[in-house]
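Source file coords21.pdb; content: PDB, C-alpha atoms, pLDDT in the B column.
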ATOM      1  CA  MET A   2     -13.833  -1.984 -40.688  1.00 47.00           C
ATOM      2  CA  ALA A   3     -10.149  -2.163 -41.554  1.00 47.00           C
ATOM      3  CA  SER A   4      -9.688   1.511 -40.778  1.00 54.00           C
ATOM      4  CA  ALA A   5     -11.246   1.057 -37.338  1.00 50.00           C
ATOM      5  CA  LEU A   6      -8.857  -1.789 -36.523  1.00 47.00           C
ATOM      6  CA  THR A   7      -5.943   0.299 -37.758  1.00 47.00           C
ATOM      7  CA  VAL A   8      -6.940   3.220 -35.535  1.00 45.00           C
ATOM      8  CA  ILE A   9      -7.322   0.932 -32.491  1.00 47.00           C
ATOM      9  CA  LEU A  10      -3.973  -0.768 -33.009  1.00 45.00           C
ATOM     10  CA  LEU A  11      -2.225   2.540 -33.621  1.00 42.00           C
ATOM     11  CA  SER A  12      -3.754   4.040 -30.474  1.00 48.00           C
ATOM     12  CA  CYS A  13      -2.590   1.088 -28.371  1.00 47.00           C
ATOM     13  CA  TRP A  14       0.897   1.331 -29.844  1.00 43.00           C
ATOM     14  CA  LEU A  15       1.079   5.053 -29.136  1.00 41.00           C
ATOM     15  CA  ALA A  16      -0.124   4.526 -25.553  1.00 42.00           C
ATOM     16  CA  GLY A  17       2.568   1.931 -24.959  1.00 44.00           C
ATOM     17  CA  HIS A  18       5.331   4.145 -26.330  1.00 42.00           C
ATOM     18  CA  SER A  19       4.197   7.578 -25.180  1.00 39.00           C
ATOM     19  CA  GLY A  20       6.371   7.333 -22.064  1.00 40.00           C
ATOM     20  CA  ALA A  21       9.501   6.948 -24.218  1.00 40.00           C
ATOM     21  CA  TRP A  22       8.967  10.164 -26.190  1.00 40.00           C
ATOM     22  CA  GLY A  23       9.903  13.297 -24.353  1.00 41.00           C
ATOM     23  CA  GLU A  24      11.441  11.242 -21.558  1.00 40.00           C
ATOM     24  CA  PRO A  25      14.350  13.050 -19.876  1.00 47.00           C
ATOM     25  CA  SER A  26      17.838  11.654 -20.350  1.00 73.00           C
ATOM     26  CA  TYR A  27      18.025  10.850 -16.654  1.00 83.00           C
ATOM     27  CA  PRO A  28      14.663   9.672 -15.272  1.00 91.00           C
ATOM     28  CA  LYS A  29      14.151  10.374 -11.595  1.00 93.00           C
ATOM     29  CA  PRO A  30      15.213   7.537  -9.289  1.00 95.00           C
ATOM     30  CA  SER A  31      13.161   5.661  -6.723  1.00 95.00           C
ATOM     31  CA  ILE A  32      13.846   5.757  -2.993  1.00 95.00           C
ATOM     32  CA  SER A  33      12.940   3.507  -0.058  1.00 93.00           C
ATOM     33  CA  LEU A  34      13.810   2.936   3.593  1.00 92.00           C
ATOM     34  CA  SER A  35      14.845  -0.261   5.322  1.00 89.00           C
ATOM     35  CA  PRO A  36      13.324  -0.780   7.788  1.00 87.00           C
ATOM     36  CA  SER A  37      10.234   1.172   6.769  1.00 83.00           C
ATOM     37  CA  GLY A  38       7.511   2.439   9.074  1.00 80.00           C
ATOM     38  CA  GLY A  39       9.761   3.994  11.710  1.00 89.00           C
ATOM     39  CA  VAL A  40      13.059   3.483  13.514  1.00 93.00           C
ATOM     40  CA  SER A  41      13.889   3.677  17.212  1.00 93.00           C
ATOM     41  CA  LEU A  42      16.323   6.183  18.703  1.00 92.00           C
ATOM     42  CA  GLY A  43      19.839   4.788  18.482  1.00 93.00           C
ATOM     43  CA  GLY A  44      18.826   2.353  15.762  1.00 94.00           C
ATOM     44  CA  ALA A  45      20.023   2.110  12.181  1.00 96.00           C
ATOM     45  CA  VAL A  46      18.293   2.694   8.864  1.00 95.00           C
ATOM     46  CA  SER A  47      19.351   2.316   5.239  1.00 95.00           C
ATOM     47  CA  VAL A  48      18.163   4.647   2.471  1.00 95.00           C
ATOM     48  CA  TRP A  49      18.039   2.820  -0.871  1.00 95.00           C
ATOM     49  CA  CYS A  50      18.186   4.771  -4.128  1.00 96.00           C
ATOM     50  CA  ARG A  51      17.706   3.093  -7.494  1.00 95.00           C
ATOM     51  CA  GLY A  52      18.225   4.633 -10.935  1.00 92.00           C
ATOM     52  CA  GLN A  53      18.151   3.549 -14.560  1.00 87.00           C
ATOM     53  CA  ARG A  54      21.627   4.552 -15.735  1.00 86.00           C
ATOM     54  CA  GLN A  55      25.145   3.212 -15.335  1.00 87.00           C
ATOM     55  CA  GLY A  56      28.164   5.432 -14.684  1.00 87.00           C
ATOM     56  CA  VAL A  57      26.368   7.758 -12.263  1.00 93.00           C
ATOM     57  CA  ARG A  58      26.838   8.984  -8.696  1.00 94.00           C
ATOM     58  CA  PHE A  59      23.952   9.226  -6.212  1.00 95.00           C
ATOM     59  CA  LEU A  60      23.194  12.183  -3.953  1.00 95.00           C
ATOM     60  CA  LEU A  61      20.978  12.104  -0.858  1.00 96.00           C
ATOM     61  CA  ASN A  62      19.237  15.259   0.329  1.00 95.00           C
ATOM     62  CA  LYS A  63      17.275  16.056   3.463  1.00 93.00           C
ATOM     63  CA  GLU A  64      15.613  19.461   3.573  1.00 85.00           C
ATOM     64  CA  GLY A  65      18.766  21.334   2.599  1.00 76.00           C
ATOM     65  CA  ARG A  66      21.216  18.848   4.151  1.00 85.00           C
ATOM     66  CA  HIS A  67      23.416  17.055   1.610  1.00 86.00           C
ATOM     67  CA  PHE A  68      25.073  13.718   2.277  1.00 90.00           C
ATOM     68  CA  PRO A  69      28.375  12.596   0.721  1.00 90.00           C
ATOM     69  CA  ALA A  70      27.863  11.213  -2.789  1.00 91.00           C
ATOM     70  CA  VAL A  71      27.841   7.436  -3.201  1.00 93.00           C
ATOM     71  CA  ASP A  72      28.854   5.381  -6.236  1.00 91.00           C
ATOM     72  CA  PRO A  73      26.259   2.643  -6.791  1.00 90.00           C
ATOM     73  CA  LYS A  74      26.724  -1.077  -7.108  1.00 85.00           C
ATOM     74  CA  GLY A  75      24.860  -1.736 -10.310  1.00 87.00           C
ATOM     75  CA  LEU A  76      21.824   0.544 -10.381  1.00 91.00           C
ATOM     76  CA  GLU A  77      21.408   0.943  -6.606  1.00 93.00           C
ATOM     77  CA  ALA A  78      23.148   2.974  -3.921  1.00 95.00           C
ATOM     78  CA  VAL A  79      22.755   2.630  -0.163  1.00 95.00           C
ATOM     79  CA  PHE A  80      23.105   5.450   2.351  1.00 95.00           C
ATOM     80  CA  SER A  81      23.457   4.123   5.901  1.00 94.00           C
ATOM     81  CA  ILE A  82      22.400   6.143   8.951  1.00 94.00           C
ATOM     82  CA  SER A  83      23.563   4.597  12.220  1.00 93.00           C
ATOM     83  CA  ASN A  84      22.744   5.677  15.765  1.00 94.00           C
ATOM     84  CA  VAL A  85      19.598   7.500  14.648  1.00 95.00           C
ATOM     85  CA  SER A  86      18.860  10.730  16.553  1.00 94.00           C
ATOM     86  CA  TRP A  87      16.013  13.230  16.560  1.00 94.00           C
ATOM     87  CA  ASP A  88      17.901  15.317  13.991  1.00 93.00           C
ATOM     88  CA  ASP A  89      17.667  12.486  11.466  1.00 95.00           C
ATOM     89  CA  ARG A  90      13.884  12.558  11.248  1.00 94.00           C
ATOM     90  CA  GLY A  91      12.390  14.305   8.241  1.00 95.00           C
ATOM     91  CA  SER A  92      11.824  14.062   4.504  1.00 95.00           C
ATOM     92  CA  TYR A  93      14.489  12.642   2.179  1.00 96.00           C
ATOM     93  CA  ASN A  94      14.946  12.458  -1.578  1.00 96.00           C
ATOM     94  CA  CYS A  95      17.768  11.359  -3.832  1.00 95.00           C
ATOM     95  CA  SER A  96      19.048  12.127  -7.303  1.00 94.00           C
ATOM     96  CA  TYR A  97      21.988  11.081  -9.451  1.00 94.00           C
ATOM     97  CA  GLN A  98      24.436  12.735 -11.818  1.00 92.00           C
ATOM     98  CA  ASN A  99      26.841  11.660 -14.531  1.00 89.00           C
ATOM     99  CA  ARG A 100      30.278  11.018 -13.040  1.00 86.00           C
ATOM    100  CA  SER A 101      32.119  12.699 -15.915  1.00 85.00           C
ATOM    101  CA  LYS A 102      29.531  15.447 -16.452  1.00 84.00           C
ATOM    102  CA  PRO A 103      27.971  16.507 -13.112  1.00 81.00           C
ATOM    103  CA  SER A 104      25.691  19.014 -14.850  1.00 82.00           C
ATOM    104  CA  ALA A 105      23.825  16.068 -16.403  1.00 85.00           C
ATOM    105  CA  ALA A 106      21.612  15.078 -13.474  1.00 88.00           C
ATOM    106  CA  SER A 107      18.231  13.554 -12.783  1.00 92.00           C
ATOM    107  CA  SER A 108      15.274  15.185 -11.119  1.00 92.00           C
ATOM    108  CA  PRO A 109      14.851  14.410  -7.402  1.00 94.00           C
ATOM    109  CA  SER A 110      13.015  11.250  -6.456  1.00 95.00           C
ATOM    110  CA  ASP A 111       9.659  11.337  -4.743  1.00 95.00           C
ATOM    111  CA  PRO A 112      10.195  12.032  -1.028  1.00 95.00           C
ATOM    112  CA  VAL A 113      10.288   9.391   1.670  1.00 94.00           C
ATOM    113  CA  GLU A 114       9.735  10.131   5.367  1.00 93.00           C
ATOM    114  CA  LEU A 115      12.053   8.910   8.084  1.00 94.00           C
ATOM    115  CA  VAL A 116       9.972   8.639  11.248  1.00 95.00           C
ATOM    116  CA  VAL A 117      11.668   8.253  14.649  1.00 96.00           C
ATOM    117  CA  ARG A 118       9.826   6.381  17.399  1.00 95.00           C
ATOM    118  CA  ASP A 119       9.458   8.192  20.708  1.00 93.00           C
ATOM    119  CA  PRO A 120       9.728   5.748  23.635  1.00 91.00           C
ATOM    120  CA  SER A 121       7.844   8.179  25.888  1.00 91.00           C
ATOM    121  CA  LEU A 122       4.635   7.865  23.829  1.00 92.00           C
ATOM    122  CA  PRO A 123       2.298   5.126  25.136  1.00 92.00           C
ATOM    123  CA  ARG A 124       1.918   2.146  22.856  1.00 94.00           C
ATOM    124  CA  PRO A 125      -1.541   1.972  21.190  1.00 95.00           C
ATOM    125  CA  SER A 126      -3.854  -1.034  21.314  1.00 96.00           C
ATOM    126  CA  ILE A 127      -5.363  -2.895  18.365  1.00 96.00           C
ATOM    127  CA  SER A 128      -8.300  -5.270  17.899  1.00 96.00           C
ATOM    128  CA  LEU A 129     -10.171  -7.083  15.137  1.00 95.00           C
ATOM    129  CA  SER A 130     -13.883  -7.380  14.506  1.00 93.00           C
ATOM    130  CA  PRO A 131     -14.957 -10.087  13.926  1.00 92.00           C
ATOM    131  CA  THR A 132     -12.384 -12.113  15.833  1.00 89.00           C
ATOM    132  CA  GLY A 133     -11.159 -15.588  15.019  1.00 88.00           C
ATOM    133  CA  VAL A 134     -11.113 -17.061  11.537  1.00 91.00           C
ATOM    134  CA  THR A 135     -12.855 -14.764   9.055  1.00 92.00           C
ATOM    135  CA  ALA A 136     -14.838 -16.092   6.106  1.00 92.00           C
ATOM    136  CA  ALA A 137     -13.750 -14.935   2.657  1.00 91.00           C
ATOM    137  CA  GLY A 138     -15.966 -12.098   1.445  1.00 91.00           C
ATOM    138  CA  ALA A 139     -16.756 -10.801   4.937  1.00 93.00           C
ATOM    139  CA  ASP A 140     -16.100  -7.232   6.088  1.00 95.00           C
ATOM    140  CA  VAL A 141     -13.410  -6.694   8.714  1.00 96.00           C
ATOM    141  CA  THR A 142     -12.793  -3.711  10.975  1.00 96.00           C
ATOM    142  CA  ILE A 143      -9.435  -3.059  12.626  1.00 96.00           C
ATOM    143  CA  ARG A 144      -9.697  -0.720  15.627  1.00 95.00           C
ATOM    144  CA  CYS A 145      -6.739   1.238  16.971  1.00 95.00           C
ATOM    145  CA  ARG A 146      -6.894   3.144  20.253  1.00 94.00           C
ATOM    146  CA  GLY A 147      -4.468   5.536  21.931  1.00 90.00           C
ATOM    147  CA  GLN A 148      -4.360   7.740  24.983  1.00 82.00           C
ATOM    148  CA  ARG A 149      -4.481  11.151  23.302  1.00 79.00           C
ATOM    149  CA  GLN A 150      -6.500  12.884  20.606  1.00 76.00           C
ATOM    150  CA  ASP A 151      -4.080  15.166  18.732  1.00 84.00           C
ATOM    151  CA  MET A 152      -2.684  12.362  16.604  1.00 90.00           C
ATOM    152  CA  ARG A 153      -2.998  10.366  13.393  1.00 92.00           C
ATOM    153  CA  PHE A 154      -3.148   6.570  13.308  1.00 94.00           C
ATOM    154  CA  PHE A 155      -1.219   4.362  10.879  1.00 94.00           C
ATOM    155  CA  LEU A 156      -2.026   0.749  10.054  1.00 94.00           C
ATOM    156  CA  HIS A 157       0.906  -1.540   9.226  1.00 93.00           C
ATOM    157  CA  LYS A 158       0.821  -4.998   7.692  1.00 92.00           C
ATOM    158  CA  ALA A 159       3.891  -7.194   8.165  1.00 90.00           C
ATOM    159  CA  GLY A 160       5.739  -7.724   4.893  1.00 86.00           C
ATOM    160  CA  ASP A 161       3.732  -5.115   2.973  1.00 84.00           C
ATOM    161  CA  LEU A 162       6.045  -2.654   1.199  1.00 73.00           C
ATOM    162  CA  ASN A 163       3.247  -0.230   0.341  1.00 79.00           C
ATOM    163  CA  PRO A 164       2.857   2.944   2.416  1.00 78.00           C
ATOM    164  CA  PRO A 165       0.718   2.296   5.511  1.00 87.00           C
ATOM    165  CA  ARG A 166      -2.887   3.437   5.581  1.00 91.00           C
ATOM    166  CA  HIS A 167      -3.548   6.361   7.875  1.00 90.00           C
ATOM    167  CA  MET A 168      -6.593   7.953   9.448  1.00 90.00           C
ATOM    168  CA  ASP A 169      -7.415  10.785  11.820  1.00 88.00           C
ATOM    169  CA  PRO A 170      -9.131   9.448  14.923  1.00 84.00           C
ATOM    170  CA  ALA A 171     -12.668   9.978  16.137  1.00 79.00           C
ATOM    171  CA  GLY A 172     -11.955  10.616  19.799  1.00 80.00           C
ATOM    172  CA  ASP A 173      -9.064   8.458  20.976  1.00 83.00           C
ATOM    173  CA  GLY A 174      -9.368   5.762  18.305  1.00 89.00           C
ATOM    174  CA  ALA A 175      -9.636   5.042  14.591  1.00 92.00           C
ATOM    175  CA  GLU A 176     -11.267   2.277  12.564  1.00 94.00           C
ATOM    176  CA  PHE A 177      -9.790   0.801   9.401  1.00 95.00           C
ATOM    177  CA  HIS A 178     -12.288  -1.086   7.264  1.00 95.00           C
ATOM    178  CA  ILE A 179     -11.383  -3.948   4.901  1.00 94.00           C
ATOM    179  CA  PRO A 180     -14.443  -4.800   2.804  1.00 94.00           C
ATOM    180  CA  THR A 181     -14.858  -8.205   1.158  1.00 93.00           C
ATOM    181  CA  VAL A 182     -11.672  -9.741   2.517  1.00 93.00           C
ATOM    182  CA  GLY A 183      -9.748 -12.336   0.523  1.00 93.00           C
ATOM    183  CA  ARG A 184      -6.783 -14.535   1.227  1.00 91.00           C
ATOM    184  CA  GLN A 185      -4.454 -11.680   0.207  1.00 93.00           C
ATOM    185  CA  HIS A 186      -5.622  -9.683   3.250  1.00 94.00           C
ATOM    186  CA  GLY A 187      -4.495 -12.291   5.742  1.00 94.00           C
ATOM    187  CA  GLY A 188      -1.458 -11.527   7.895  1.00 94.00           C
ATOM    188  CA  ASN A 189      -0.221  -9.697  10.987  1.00 96.00           C
ATOM    189  CA  TYR A 190      -1.342  -6.118  11.545  1.00 96.00           C
ATOM    190  CA  SER A 191      -0.191  -3.458  13.997  1.00 95.00           C
ATOM    191  CA  CYS A 192      -0.857   0.242  14.387  1.00 95.00           C
ATOM    192  CA  SER A 193       1.031   3.304  15.546  1.00 94.00           C
ATOM    193  CA  TYR A 194       0.254   6.987  15.823  1.00 94.00           C
ATOM    194  CA  GLN A 195       2.011  10.270  15.123  1.00 93.00           C
ATOM    195  CA  PRO A 196       1.367  13.565  16.937  1.00 90.00           C
ATOM    196  CA  ARG A 197      -0.013  16.167  14.559  1.00 88.00           C
ATOM    197  CA  SER A 198       2.466  18.682  15.967  1.00 88.00           C
ATOM    198  CA  ASP A 199       5.432  16.593  14.707  1.00 90.00           C
ATOM    199  CA  PRO A 200       4.608  14.232  11.817  1.00 87.00           C
ATOM    200  CA  PHE A 201       8.112  12.717  11.873  1.00 94.00           C
ATOM    201  CA  VAL A 202       7.707  11.316  15.398  1.00 95.00           C
ATOM    202  CA  SER A 203       5.826   8.087  16.054  1.00 94.00           C
ATOM    203  CA  SER A 204       4.802   5.862  18.909  1.00 94.00           C
ATOM    204  CA  GLN A 205       6.055   2.320  19.175  1.00 93.00           C
ATOM    205  CA  PRO A 206       3.823  -0.050  17.177  1.00 94.00           C
ATOM    206  CA  SER A 207       1.057  -1.896  18.959  1.00 95.00           C
ATOM    207  CA  HIS A 208       1.312  -5.593  19.658  1.00 96.00           C
ATOM    208  CA  PRO A 209       0.280  -7.387  16.445  1.00 95.00           C
ATOM    209  CA  VAL A 210      -3.012  -9.075  15.735  1.00 96.00           C
ATOM    210  CA  GLN A 211      -3.424 -11.790  13.122  1.00 96.00           C
ATOM    211  CA  LEU A 212      -6.121 -11.722  10.487  1.00 95.00           C
ATOM    212  CA  VAL A 213      -6.859 -15.286   9.355  1.00 95.00           C
ATOM    213  CA  VAL A 214      -9.050 -15.639   6.264  1.00 93.00           C
ATOM    214  CA  ALA A 215     -10.683 -18.994   5.559  1.00 91.00           C
ATOM    215  CA  ALA A 216     -10.504 -20.501   2.098  1.00 80.00           C
ATOM    216  CA  ALA A 217     -13.420 -19.574  -0.156  1.00 66.00           C
ATOM    217  CA  PRO A 218     -16.011 -22.374  -0.411  1.00 64.00           C
ATOM    218  CA  PRO A 219     -16.441 -24.179  -3.751  1.00 60.00           C
ATOM    219  CA  GLY A 220     -18.422 -22.066  -6.184  1.00 56.00           C
ATOM    220  CA  HIS A 221     -17.762 -18.856  -4.267  1.00 52.00           C
ATOM    221  CA  GLN A 222     -16.786 -15.987  -6.534  1.00 52.00           C
ATOM    222  CA  ASP A 223     -13.725 -14.363  -5.011  1.00 50.00           C
ATOM    223  CA  PHE A 224     -13.091 -11.017  -6.706  1.00 51.00           C
ATOM    224  CA  THR A 225      -9.324 -11.152  -6.630  1.00 53.00           C
ATOM    225  CA  TYR A 226      -7.014  -9.115  -8.824  1.00 52.00           C
ATOM    226  CA  ALA A 227      -7.112 -11.861 -11.453  1.00 57.00           C
ATOM    227  CA  ASN A 228     -10.902 -11.633 -11.706  1.00 62.00           C
ATOM    228  CA  ILE A 229     -10.738  -7.850 -11.930  1.00 69.00           C
ATOM    229  CA  ALA A 230      -8.224  -8.178 -14.765  1.00 66.00           C
ATOM    230  CA  ARG A 231     -10.562 -10.569 -16.586  1.00 72.00           C
ATOM    231  CA  LEU A 232     -13.455  -8.127 -16.223  1.00 74.00           C
ATOM    232  CA  ALA A 233     -11.297  -5.300 -17.569  1.00 76.00           C
ATOM    233  CA  LEU A 234     -10.234  -7.426 -20.543  1.00 78.00           C
ATOM    234  CA  SER A 235     -13.856  -8.314 -21.281  1.00 76.00           C
ATOM    235  CA  ALA A 236     -14.798  -4.633 -21.202  1.00 79.00           C
ATOM    236  CA  MET A 237     -11.974  -3.834 -23.632  1.00 82.00           C
ATOM    237  CA  VAL A 238     -13.156  -6.555 -26.036  1.00 79.00           C
ATOM    238  CA  LEU A 239     -16.708  -5.183 -25.928  1.00 83.00           C
ATOM    239  CA  LEU A 240     -15.390  -1.675 -26.592  1.00 83.00           C
ATOM    240  CA  ILE A 241     -13.403  -2.832 -29.622  1.00 85.00           C
ATOM    241  CA  MET A 242     -16.411  -4.725 -30.993  1.00 81.00           C
ATOM    242  CA  GLY A 243     -18.549  -1.616 -30.546  1.00 77.00           C
ATOM    243  CA  LEU A 244     -16.044   0.514 -32.452  1.00 80.00           C
ATOM    244  CA  ILE A 245     -15.891  -2.014 -35.277  1.00 81.00           C
ATOM    245  CA  LEU A 246     -19.699  -2.151 -35.555  1.00 78.00           C
ATOM    246  CA  ALA A 247     -19.940   1.629 -35.465  1.00 72.00           C
ATOM    247  CA  GLU A 248     -17.346   1.960 -38.233  1.00 73.00           C
ATOM    248  CA  ALA A 249     -19.175  -0.619 -40.347  1.00 69.00           C
ATOM    249  CA  TYR A 250     -22.507   1.156 -39.823  1.00 68.00           C
ATOM    250  CA  TYR A 251     -21.222   4.594 -40.826  1.00 69.00           C
ATOM    251  CA  SER A 252     -19.298   3.183 -43.811  1.00 68.00           C
ATOM    252  CA  ARG A 253     -22.487   1.527 -45.083  1.00 65.00           C
ATOM    253  CA  SER A 254     -24.464   4.731 -44.526  1.00 60.00           C
ATOM    254  CA  ARG A 255     -22.041   6.671 -46.708  1.00 59.00           C
ATOM    255  CA  GLU A 256     -22.343   4.094 -49.528  1.00 57.00           C
ATOM    256  CA  VAL A 257     -26.164   4.254 -49.635  1.00 53.00           C
ATOM    257  CA  PRO A 258     -27.315   7.007 -52.117  1.00 55.00           C
TER
END
Write out the structure in this file as structure tokens.
Amino acid sequence: MASALTVILLSCWLAGHSGAWGEPSYPKPSISLSPSGGVSLGGAVSVWCRGQRQGVRFLLNKEGRHFPAVDPKGLEAVFSISNVSWDDRGSYNCSYQNRSKPSAASSPSDPVELVVRDPSLPRPSISLSPTGVTAAGADVTIRCRGQRQDMRFFLHKAGDLNPPRHMDPAGDGAEFHIPTVGRQHGGNYSCSYQPRSDPFVSSQPSHPVQLVVAAAPPGHQDFTYANIARLALSAMVLLIMGLILAEAYYSRSREVP
């Protein structure tokens, strides 16, 4: 029994520290855009790069184009692009290097896409089903419609920093399904589309619609992230108990002549 507990605790410790062993001296930075989700022609956008080391200099790259290096304030550096033009659209990544030893550099960040909004593209429409206040636990469908078919739709939620959901349309529209909605799904939604021929060009976003989710009635089981975490913890406890019982069983079997 003791050996089983030792193995379990050692495994958990190794899992928690495995990321530290073999980690490069300069972990790759993170990158984000502000605003995200697209910028209009002539507008401004900031590219934020964040690292994990002091005394470094950040570099911004765009498909072979290199921007002047920037010294960060703390762990973050900001690259500002004003008067955005068509040439600014594309995929960006950033990296950083030691100021005194430029050969000591990080790997590039994951890419981020700067999408420029084309004012000539018609604005899409958006609708909710069901409409009005939605009961917690119900299924919701968000429909986006455009005026062309060679495109991909994107669903945006105001204030959500995660990448927008996207979907290829069936005909001139696309449906985004939100099963078993909870209070965390409430908010303002809009959609846009990008031509498949140029993924870095976007329409203007649709006018927003508001998803209002009613409070769950007393006794209603709302499977939020907290409940999912509790279920996962319960499963882990059951797994540990099963390992302990299995170890005890096999230890007793070996002792019996």
Is there a way to get, as number ranges by chain, all residues within 12 Å of the point (-8.2, 0.7, 3.2) in file coordinates, counting all atoms listed in the file? A: 140-143, 155-158, 163-168, 176-182, 186
Quick one: which residues end up in the PyMOL selection byres ((chain A and resi 99) around 10) for this structure, as a PDB file with C-alpha atoms, keeping the file's coordinate frame?
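Saved to part_18.pdb:
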ATOM      1  CA  TYR A  27      18.025  10.850 -16.654  1.00 83.00           C
ATOM      2  CA  ARG A  54      21.627   4.552 -15.735  1.00 86.00           C
ATOM      3  CA  GLN A  55      25.145   3.212 -15.335  1.00 87.00           C
ATOM      4  CA  GLY A  56      28.164   5.432 -14.684  1.00 87.00           C
ATOM      5  CA  VAL A  57      26.368   7.758 -12.263  1.00 93.00           C
ATOM      6  CA  ARG A  58      26.838   8.984  -8.696  1.00 94.00           C
ATOM      7  CA  PHE A  59      23.952   9.226  -6.212  1.00 95.00           C
ATOM      8  CA  TYR A  97      21.988  11.081  -9.451  1.00 94.00           C
ATOM      9  CA  GLN A  98      24.436  12.735 -11.818  1.00 92.00           C
ATOM     10  CA  ARG A 100      30.278  11.018 -13.040  1.00 86.00           C
ATOM     11  CA  SER A 101      32.119  12.699 -15.915  1.00 85.00           C
ATOM     12  CA  LYS A 102      29.531  15.447 -16.452  1.00 84.00           C
ATOM     13  CA  PRO A 103      27.971  16.507 -13.112  1.00 81.00           C
ATOM     14  CA  SER A 104      25.691  19.014 -14.850  1.00 82.00           C
ATOM     15  CA  ALA A 105      23.825  16.068 -16.403  1.00 85.00           C
ATOM     16  CA  ALA A 106      21.612  15.078 -13.474  1.00 88.00           C
ATOM     17  CA  SER A 107      18.231  13.554 -12.783  1.00 92.00           C
TER      18      SER A 107
END
Run the PyMOL selection byres ((chain A and resi 199-207) around 7) on the file and write out the hits as a PDB file with C-alpha atoms, in the coordinates of the input.
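Output (out-v1.pdb):
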ATOM      1  CA  ARG A  90      13.884  12.558  11.248  1.00 94.00           C
ATOM      2  CA  GLY A  91      12.390  14.305   8.241  1.00 95.00           C
ATOM      3  CA  LEU A 115      12.053   8.910   8.084  1.00 94.00           C
ATOM      4  CA  VAL A 116       9.972   8.639  11.248  1.00 95.00           C
ATOM      5  CA  VAL A 117      11.668   8.253  14.649  1.00 96.00           C
ATOM      6  CA  ARG A 118       9.826   6.381  17.399  1.00 95.00           C
ATOM      7  CA  ASP A 119       9.458   8.192  20.708  1.00 93.00           C
ATOM      8  CA  PRO A 120       9.728   5.748  23.635  1.00 91.00           C
ATOM      9  CA  LEU A 122       4.635   7.865  23.829  1.00 92.00           C
ATOM     10  CA  PRO A 123       2.298   5.126  25.136  1.00 92.00           C
ATOM     11  CA  ARG A 124       1.918   2.146  22.856  1.00 94.00           C
ATOM     12  CA  PRO A 125      -1.541   1.972  21.190  1.00 95.00           C
ATOM     13  CA  SER A 126      -3.854  -1.034  21.314  1.00 96.00           C
ATOM     14  CA  ILE A 127      -5.363  -2.895  18.365  1.00 96.00           C
ATOM     15  CA  SER A 191      -0.191  -3.458  13.997  1.00 95.00           C
ATOM     16  CA  CYS A 192      -0.857   0.242  14.387  1.00 95.00           C
ATOM     17  CA  SER A 193       1.031   3.304  15.546  1.00 94.00           C
ATOM     18  CA  TYR A 194       0.254   6.987  15.823  1.00 94.00           C
ATOM     19  CA  GLN A 195       2.011  10.270  15.123  1.00 93.00           C
ATOM     20  CA  PRO A 196       1.367  13.565  16.937  1.00 90.00           C
ATOM     21  CA  ARG A 197      -0.013  16.167  14.559  1.00 88.00           C
ATOM     22  CA  SER A 198       2.466  18.682  15.967  1.00 88.00           C
ATOM     23  CA  HIS A 208       1.312  -5.593  19.658  1.00 96.00           C
ATOM     24  CA  PRO A 209       0.280  -7.387  16.445  1.00 95.00           C
TER      25      PRO A 209
END
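Restricting the calculation to all atoms listed in the file, the smallest distance between Trp87 of chain A and any of A:Ser41, A:Phe154, A:Lys63, A:Thr132 is found for A:Ser41.
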Using the chain letters and numbers from this file, what does the PyMOL selection byres ((chain A and resi 93) around 6) select? Give the answer as a PyMOL selection string. chain A and resi 62-63+92+94+112-113
